[in-house]
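Quick notes on the structure that follows.
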Amino acid sequence: MSDLVMIHTSDWHLGHELAGHSRETEHDAFLAWLLSEIEVQDADVLLVTGDIYDVANPPISAMRRLFRFLHEVTTQRSTLQVVIIGGNHDSAARIDLPAALLGVGGVRFVGALPKRDGTADCEAVLLPLKNKDGELSAWLAAVPFCRPGDLGAHTLPTLYAEVAAKGAAIANGLPLVISGHLHVAEGQVSELSERRIVLGGEEAQSASLFDQRAAYVALGHLHRPQQIAGDVPIRYAGSPFPLSSTERDYRHSITVVTLSREQCAIAEVAIPRPVAFLAVPSDGPKPLNEVLDCIEGLELDEALPREAHPFLEVAVSVSGPEPQLQSQVLAALEGKPVRLTRIQRVLTGTAETTSIPLAGENLDELKPEAVFEALFRKRYQDAPPPELARAFETLLIEVQTAEGAA
């Protein structure tokens, strides 16, 4: 029997904007590259583990981009199986909608955890996977992001235990792949772009959710490609390119998983980065006059089209108020082929960092915890006590989770 080759990718965030700048050029470049790489890897399965869209109600252009890619990839490779699960940024109903039209063909959408008689239907998420010779070679437990209301009488550990038990029974010795979209403890997060999620009162779940009945665990949600220590291979594929300035040093990749009865081989394939991410200064915050010199010394390609201009983050160290800081930085950048994402002000001798809001910046670019602390300090001339800060953090996670369910 031939091995089964699966490409695991995640967190595409189609429709994403960064500080008001479109990412469409980068998404087009990634999808064109992925289309080619599927052929290079001779892939049998493409698995996308959630956050296919950036928001629950994505723009039409993002939906068109997804379905154009699906048409191209299934035309190019008619035997390819594509499975897309819902993430916390996605609307489960929107992800599930095409499933009713496509049936059980080569493209499968699993937006919400299926239910039968009001309880989780663990058998409904089990999908057979075939190799290039048409032979049944593995099974996939396509578990999407689970909101608290999806679990019913289950907890996340009991849900995954039942999924693994039913999956192992039906796989009958064939490899079992289990998916998920959640934050597993020890996973490295990206502060500015990953919305926190909570289930069962916990933000991060234990790797013990996944036992040795799984040959491979394919995860989404965290944007840094990474392996999680556990009894089985547990891996975040990561996003296709940086979704915030904190991700500019990530080595974004897809994960190629080769499965047989005997083994699971895992390989990373780096994704070309079509647009550069720059930081000024490159070695950390400096006084304003030095920052302005760094901006002046930037070597930039004037011939690049606007949509390919590098993204730029500026960090300035200050010892006190600098009322002209933003205007001087913007003046120095005038006419340069870059796209500014944010200006950081770092107080000398402290770890405190604040972002100066840019013209046209969305409110969701601001960190709620920082706003809460700033307002508390303004009113009470002190930092919020730890128990109040924890209470605010818990409330914030619950609100974000509820918004994701809307």
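Ordering of the structure tokens sets the chain letters (A, B, ...); residue numbers start at 1 within each chain; ligands are numbered from 1 in the order shown.
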From a DSSP pass on the backbone, collect the residues of stretch 27-184 of chain A flagged as strand (DSSP E) and hand them back as a ChimeraX atom specification.
/A:45-49,81-85,107-110,115-116,119-120,126-130,136-141,176-181
Output file for the selection above: N, CA and C atoms, as a compact mmCIF listing (two decimals), in the first residue's frame:
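File selection.txt, as written:
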```txt
# COMPACT_ATOMS: atom_id res chain seq x y z
N VAL A 45 -3.89 14.78 0.45
CA VAL A 45 -4.83 15.48 1.33
C VAL A 45 -4.29 16.88 1.64
N LEU A 46 -5.19 17.87 1.63
CA LEU A 46 -4.88 19.21 2.11
C LEU A 46 -5.79 19.48 3.30
N LEU A 47 -5.20 19.68 4.47
CA LEU A 47 -5.97 19.91 5.69
C LEU A 47 -5.70 21.33 6.19
N VAL A 48 -6.75 22.12 6.35
CA VAL A 48 -6.65 23.49 6.86
C VAL A 48 -7.34 23.54 8.22
N THR A 49 -6.54 23.79 9.28
CA THR A 49 -7.08 23.64 10.63
C THR A 49 -7.58 24.96 11.23
N GLN A 81 -8.01 15.34 -1.72
CA GLN A 81 -9.05 15.56 -0.72
C GLN A 81 -8.70 16.81 0.07
N VAL A 82 -9.66 17.72 0.20
CA VAL A 82 -9.47 18.96 0.94
C VAL A 82 -10.42 18.97 2.11
N VAL A 83 -9.89 19.22 3.31
CA VAL A 83 -10.72 19.31 4.51
C VAL A 83 -10.41 20.63 5.19
N ILE A 84 -11.46 21.42 5.44
CA ILE A 84 -11.32 22.72 6.09
C ILE A 84 -12.19 22.73 7.33
N ILE A 85 -11.59 22.97 8.49
CA ILE A 85 -12.37 23.04 9.72
C ILE A 85 -12.50 24.49 10.18
N VAL A 107 -14.03 17.93 -1.39
CA VAL A 107 -13.86 19.08 -0.51
C VAL A 107 -14.85 18.98 0.63
N ARG A 108 -14.35 18.97 1.86
CA ARG A 108 -15.21 18.84 3.04
C ARG A 108 -15.00 20.03 3.96
N PHE A 109 -16.11 20.62 4.40
CA PHE A 109 -16.08 21.71 5.38
C PHE A 109 -16.70 21.20 6.68
N VAL A 110 -16.04 21.47 7.81
CA VAL A 110 -16.59 21.13 9.12
C VAL A 110 -16.49 22.39 9.98
N LYS A 115 -23.87 17.46 15.74
CA LYS A 115 -24.65 16.96 16.88
C LYS A 115 -25.73 16.01 16.40
N ARG A 116 -26.07 15.09 17.29
CA ARG A 116 -27.19 14.19 17.06
C ARG A 116 -28.00 14.14 18.34
N THR A 119 -26.52 16.09 21.28
CA THR A 119 -25.21 15.76 21.83
C THR A 119 -24.18 15.65 20.71
N ALA A 120 -22.92 15.79 21.06
CA ALA A 120 -21.86 15.74 20.06
C ALA A 120 -21.86 14.40 19.35
N LEU A 126 -15.54 11.76 11.63
CA LEU A 126 -14.55 10.80 11.14
C LEU A 126 -14.64 10.68 9.63
N LEU A 127 -13.55 11.03 8.95
CA LEU A 127 -13.52 11.06 7.49
C LEU A 127 -12.44 10.11 6.97
N PRO A 128 -12.77 9.25 5.98
CA PRO A 128 -11.76 8.37 5.41
C PRO A 128 -10.83 9.14 4.49
N LEU A 129 -9.55 8.79 4.51
CA LEU A 129 -8.55 9.42 3.65
C LEU A 129 -7.94 8.37 2.74
N LYS A 130 -7.88 8.68 1.45
CA LYS A 130 -7.36 7.73 0.48
C LYS A 130 -6.05 8.24 -0.10
N LEU A 136 -7.90 3.19 0.81
CA LEU A 136 -8.14 3.75 2.13
C LEU A 136 -6.86 3.60 2.95
N SER A 137 -6.28 4.74 3.37
CA SER A 137 -4.95 4.71 3.99
C SER A 137 -4.92 5.29 5.40
N ALA A 138 -5.92 6.08 5.77
CA ALA A 138 -5.93 6.71 7.10
C ALA A 138 -7.33 7.24 7.36
N TRP A 139 -7.54 7.68 8.59
CA TRP A 139 -8.81 8.32 8.97
C TRP A 139 -8.48 9.65 9.63
N LEU A 140 -9.36 10.61 9.40
CA LEU A 140 -9.22 11.93 10.00
C LEU A 140 -10.40 12.21 10.92
N ALA A 141 -10.12 12.57 12.17
CA ALA A 141 -11.15 13.08 13.07
C ALA A 141 -11.12 14.60 12.95
N LEU A 176 -4.58 7.28 12.44
CA LEU A 176 -5.67 8.20 12.80
C LEU A 176 -5.08 9.58 13.02
N VAL A 177 -5.57 10.56 12.24
CA VAL A 177 -5.18 11.96 12.41
C VAL A 177 -6.31 12.67 13.15
N ILE A 178 -5.97 13.45 14.16
CA ILE A 178 -6.97 14.20 14.92
C ILE A 178 -6.66 15.68 14.78
N SER A 179 -7.69 16.47 14.48
CA SER A 179 -7.48 17.91 14.32
C SER A 179 -8.05 18.66 15.51
N GLY A 180 -7.70 19.93 15.59
CA GLY A 180 -8.23 20.80 16.63
C GLY A 180 -7.86 22.24 16.35
N HIS A 181 -8.63 23.15 16.92
CA HIS A 181 -8.31 24.58 16.83
C HIS A 181 -8.44 25.13 18.25
```
Got a sec: who's within 12 Å of A:Gly230, counting only C-alpha atoms, leaving out chain neighbours fewer than 5 positions off, as number ranges by chain?
A: 184-187, 206-212, 214-217, 235
Given the choices A:Leu292, A:Ala303, A:Ala165, A:Leu219, which gets closest to A:Glu334 if the distance is worked out from only C-alpha atoms?
A:Leu292
Suppose you want the space between atom CA of A:Cys294 and atom CA of A:Ser244; what is it in Å?
21.6 Å
Have a look at A:Val338, A:Ala161, A:Val269, A:Ile343 and name the one nearest to A:Pro281; count only C-alpha atoms.
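Checking each of A:Val338, A:Ala161, A:Val269, A:Ile343 against A:Pro281, counting only C-alpha atoms, the winner is A:Ile343.
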Atom CA of A:Ala142 and atom CA of A:Val40, how far apart in Å?
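Those two atoms sit 25.1 Å apart.
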Would you mind reading off the distance between atom CA of A:Leu4 and atom CA of A:Val125, one decimal, in Å?
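Interatomic distance here is 19.4 Å.
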With a cut-off of 10 Å, could you pull out the residues of stretch 103-175 of chain A touching stretch 69-79 of chain A and give me the nearest pair of atoms for each, distance in Å to one decimal, using only C-alpha atoms, ordered by chain and ascending number, as CSV?
```
residue,atom,partner,partner_atom,distance
A:Gly106,CA,A:Thr79,CA,7.4
A:Val107,CA,A:Leu70,CA,8.0
A:Lys130,CA,A:Thr79,CA,8.8
A:Asn131,CA,A:Thr79,CA,8.7
A:Lys132,CA,A:Thr79,CA,6.9
A:Asp133,CA,A:Thr79,CA,9.2
A:Gly134,CA,A:Thr79,CA,8.1
```
Selection above as a file: N, CA and C atoms, as a JSON list (two decimals), in the first residue's frame:
```json
[["chain", "number", "residue", "atom", "x", "y", "z"],
["A", 106, "GLY", "N", -14.77, 15.65, -2.78],
["A", 106, "GLY", "CA", -13.37, 15.83, -2.46],
["A", 106, "GLY", "C", -13.08, 17.01, -1.56],
["A", 107, "VAL", "N", -14.03, 17.93, -1.39],
["A", 107, "VAL", "CA", -13.86, 19.08, -0.51],
["A", 107, "VAL", "C", -14.85, 18.98, 0.63],
["A", 130, "LYS", "N", -7.88, 8.68, 1.45],
["A", 130, "LYS", "CA", -7.36, 7.73, 0.48],
["A", 130, "LYS", "C", -6.05, 8.24, -0.10],
["A", 131, "ASN", "N", -5.17, 7.30, -0.46],
["A", 131, "ASN", "CA", -3.91, 7.67, -1.09],
["A", 131, "ASN", "C", -4.10, 7.85, -2.59],
["A", 132, "LYS", "N", -3.01, 8.11, -3.29],
["A", 132, "LYS", "CA", -3.10, 8.41, -4.74],
["A", 132, "LYS", "C", -3.56, 7.21, -5.57],
["A", 133, "ASP", "N", -3.49, 6.01, -4.99],
["A", 133, "ASP", "CA", -3.97, 4.82, -5.69],
["A", 133, "ASP", "C", -5.44, 4.52, -5.40],
["A", 134, "GLY", "N", -6.07, 5.42, -4.63],
["A", 134, "GLY", "CA", -7.47, 5.24, -4.29],
["A", 134, "GLY", "C", -7.70, 4.28, -3.14]]
```
Nearest to A:Leu330 among A:Pro287, A:Glu313, A:Val318, A:Asp96, with distances taken over only C-alpha atoms: which residue is it?
A:Glu313
List every residue of stretch 123-360 of chain A that DSSP, applied to the backbone, labels as helix (DSSP H, G or I), and write the result as a ChimeraX atom specification.
/A:148-151,156-171,207-209,245-247,288-296,306-308,325-333
